[in-house]
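Read through the structure below, which is laid out as structure tokens, and then see the notes.
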Amino acid sequence: MNLHNARAEFYVPDGVEEQQALSRITHLGIGAHHDDLEFMAFHGIKECYHHPNQQWFGGVTCTDGTGSSRTGRYAAFSDEKMRDVRREEQRSAAVVGQYAAIFQLDYPSALLRGDSASFLVDDLEQILRASQPEVVYTHNPADKHTTHLSVLAAVLAAIRRLSADLRPKSLLGCEGWRGLDWLDDGEKVKLDVSGHDHLAAALNGLFDSQIAGGKRYDLATLGRRSANATFLNSHASDQSSQLCLAMDLTPLILDDALDPVAFTLGAVDRFRDDVRTRLSSAFQVIA
């Protein structure tokens, strides 16, 4: 595979040949940063865990980790040292999560927000062609992190380069720097990850450079999943204890003419209409 970045890495935890590793992938997570996969695409990891003859999770981490926050014992780490630490953490997650393979494309975040974004699209197209996953998990279009949105745009562009028969059956935009509890209940993709807290905790805890570096993503991620499960329905008992929410982006890969901005704002407008309807009704009663 001819990736643009000379420092890009392809790692297969169980050591099988490249094509075999790629062709077995059924669920593919594509994230901007190290640990994005474990936080946003845990449903795919969980679905494939201990199912080596049926389903395999593969991952792509697009950035190099040099922009990571760092305090405590990591405070004095250079960008180069931080890159090495983050890369090793991601490899460890691939081992623990039993991934089919992990790509670390090693782009500086700033490059993905400029002209080099086309290189990322090329890389992702190659990976998607080689793996042909059934499900792709990536960032959601209402996320507030600019690099997350850049990766989403590259994912969509790469998939749209493929013929219909090579495209995934499902594209899911997952929670990151914004939750998705505001979506209409009928539009939420509800991904039950209950009963796998041990695996989630093991994966989250591997990213010590961020946890010890001042960001308790491990606690926040599990807390969000618990909140999603409990606050999903106010009039029914909880059906799960841990729930990931996603936005179904599949329409964007079924119809290339569909504008991602208009698609996303449509969901926002429906949220606005729901708030207006409920609030107006309440105040009419008072009046």
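Each chain of the structure tokens is named A, B, ... in the order shown, its residues numbered from 1; ligands are numbered from 1 in display order.
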
Do you know which residues are at most 9 Å from region 253-265 of chain A counting only C-alpha atoms, after dropping those on the same chain fewer than 2 positions away, and could you put them as a list in words?
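Listed by chain and then number, they are Pro141, Ala142, Ala153, Leu156, Ile159, Arg160, Ala164, Arg167, Pro168, Lys169, Ser170, Leu171, Leu249, Thr250, Pro251, Ala267, Val268, Asp269 and Arg270 of chain A.
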
Just C-alpha atoms for this one: save the residues we selected as a CSV table (one decimal), in the first residue's frame.
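The file below, out19.csv, is the result:
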```csv
chain,number,residue,atom,x,y,z
A,141,PRO,CA,-20.7,16.3,11.6
A,142,ALA,CA,-21.9,18.3,14.6
A,153,ALA,CA,-14.8,15.3,5.3
A,156,LEU,CA,-16.8,11.0,3.1
A,159,ILE,CA,-16.0,6.7,0.2
A,160,ARG,CA,-17.6,8.7,-2.6
A,164,ALA,CA,-21.4,1.5,-5.1
A,167,ARG,CA,-18.8,1.2,-0.3
A,168,PRO,CA,-19.7,0.2,3.3
A,169,LYS,CA,-23.3,-0.6,4.0
A,170,SER,CA,-23.3,1.8,6.9
A,171,LEU,CA,-21.5,5.0,7.9
A,249,LEU,CA,-24.6,9.2,7.8
A,250,THR,CA,-25.4,6.4,5.4
A,251,PRO,CA,-27.6,8.6,3.2
A,267,ALA,CA,-31.1,17.5,12.0
A,268,VAL,CA,-30.4,20.8,13.9
A,269,ASP,CA,-33.6,22.3,12.5
A,270,ARG,CA,-35.6,19.4,13.6
```

Please identify all polymer residues within 10 Å of Leu219 (chain A), counting only C-alpha atoms, omitting same-chain residues fewer than 5 positions from it, and present them as a PDB file with all heavy atoms, in the first residue's frame.
```
ATOM      1  N   ALA A 201     -12.724  -0.219  30.008  1.00  0.00           N
ATOM      2  CA  ALA A 201     -11.788   0.354  30.986  1.00  0.00           C
ATOM      3  C   ALA A 201     -10.352  -0.008  30.641  1.00  0.00           C
ATOM      4  O   ALA A 201      -9.439   0.818  30.777  1.00  0.00           O
ATOM      5  CB  ALA A 201     -12.140  -0.137  32.391  1.00  0.00           C
ATOM      6  N   ASN A 204      -9.409   2.186  27.525  1.00  0.00           N
ATOM      7  CA  ASN A 204      -9.289   3.605  27.879  1.00  0.00           C
ATOM      8  C   ASN A 204      -8.058   3.876  28.723  1.00  0.00           C
ATOM      9  O   ASN A 204      -7.379   4.893  28.562  1.00  0.00           O
ATOM     10  CB  ASN A 204     -10.538   4.072  28.627  1.00  0.00           C
ATOM     11  CG  ASN A 204     -11.791   4.004  27.773  1.00  0.00           C
ATOM     12  OD1 ASN A 204     -11.723   3.814  26.567  1.00  0.00           O
ATOM     13  ND2 ASN A 204     -12.941   4.144  28.404  1.00  0.00           N
ATOM     14  N   GLY A 205      -7.776   2.955  29.637  1.00  0.00           N
ATOM     15  CA  GLY A 205      -6.666   3.151  30.559  1.00  0.00           C
ATOM     16  C   GLY A 205      -5.297   3.059  29.930  1.00  0.00           C
ATOM     17  O   GLY A 205      -4.297   3.469  30.536  1.00  0.00           O
ATOM     18  N   ILE A 211      -4.509  10.707  30.205  1.00  0.00           N
ATOM     19  CA  ILE A 211      -5.138  10.645  31.525  1.00  0.00           C
ATOM     20  C   ILE A 211      -4.246  11.310  32.564  1.00  0.00           C
ATOM     21  O   ILE A 211      -4.680  12.208  33.307  1.00  0.00           O
ATOM     22  CB  ILE A 211      -5.414   9.179  31.909  1.00  0.00           C
ATOM     23  CG1 ILE A 211      -6.442   8.582  30.935  1.00  0.00           C
ATOM     24  CG2 ILE A 211      -5.913   9.075  33.344  1.00  0.00           C
ATOM     25  CD1 ILE A 211      -6.612   7.098  31.068  1.00  0.00           C
ATOM     26  N   ARG A 224     -20.465   9.327  29.945  1.00  0.00           N
ATOM     27  CA  ARG A 224     -21.371   9.695  28.852  1.00  0.00           C
ATOM     28  C   ARG A 224     -22.219   8.508  28.436  1.00  0.00           C
ATOM     29  O   ARG A 224     -23.435   8.644  28.191  1.00  0.00           O
ATOM     30  CB  ARG A 224     -20.566  10.216  27.663  1.00  0.00           C
ATOM     31  CG  ARG A 224     -21.393  10.445  26.409  1.00  0.00           C
ATOM     32  CD  ARG A 224     -20.537  10.921  25.249  1.00  0.00           C
ATOM     33  NE  ARG A 224     -20.354  12.370  25.292  1.00  0.00           N
ATOM     34  CZ  ARG A 224     -19.445  13.022  24.580  1.00  0.00           C
ATOM     35  NH1 ARG A 224     -18.605  12.352  23.794  1.00  0.00           N
ATOM     36  NH2 ARG A 224     -19.358  14.337  24.652  1.00  0.00           N
TER      37      ARG A 224
END
```

Non-local contacts of Tyr99 (chain A) (8 Å; only C-alpha atoms; under 6 positions in same chain excluded) as a VMD selection string
chain A and resid 12 to 13 45 56 to 59

Dump N, CA, C and O atoms for the selected residues as a CSV table (one decimal), in the first residue's frame?
```csv
chain,number,residue,atom,x,y,z
A,12,VAL,N,-0.2,-5.1,12.5
A,12,VAL,CA,-1.1,-6.2,12.6
A,12,VAL,C,-0.8,-7.0,13.9
A,12,VAL,O,0.3,-7.6,14.0
A,13,PRO,N,-1.6,-6.9,14.9
A,13,PRO,CA,-1.2,-7.5,16.2
A,13,PRO,C,-0.9,-9.0,16.1
A,13,PRO,O,0.0,-9.5,16.8
A,45,ILE,N,-15.5,-2.3,18.2
A,45,ILE,CA,-14.5,-3.1,18.9
A,45,ILE,C,-15.2,-4.2,19.6
A,45,ILE,O,-14.8,-5.4,19.6
A,56,TRP,N,-14.1,-8.7,12.3
A,56,TRP,CA,-12.8,-8.1,12.8
A,56,TRP,C,-12.9,-6.6,12.7
A,56,TRP,O,-13.4,-6.0,11.8
A,57,PHE,N,-12.4,-6.0,13.8
A,57,PHE,CA,-12.3,-4.5,13.8
A,57,PHE,C,-11.0,-4.0,13.3
A,57,PHE,O,-9.9,-4.6,13.7
A,58,GLY,N,-11.0,-3.0,12.5
A,58,GLY,CA,-9.7,-2.4,12.0
A,58,GLY,C,-9.8,-0.9,12.3
A,58,GLY,O,-10.9,-0.3,12.5
A,59,GLY,N,-8.7,-0.3,12.5
A,59,GLY,CA,-8.6,1.1,12.9
A,59,GLY,C,-7.7,2.0,12.0
A,59,GLY,O,-6.7,1.5,11.5
```

Go through A:Asp273, A:Asp64, A:Asp192, A:Asp106 and flag the residue nearest Phe42 (chain A), using only C-alpha atoms for the distances.
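Selected residue with least distance to Phe42 (chain A): A:Asp192.
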
I'd like the neighbourhood of Ala93 (chain A) as a PyMOL selection string, where a residue qualifies if any of its atoms comes within 9 Å (using only C-alpha atoms), though same-chain residues fewer than 2 positions away should be ignored.
chain A and resi 35+38+88-91+95-99+202-204+206-207
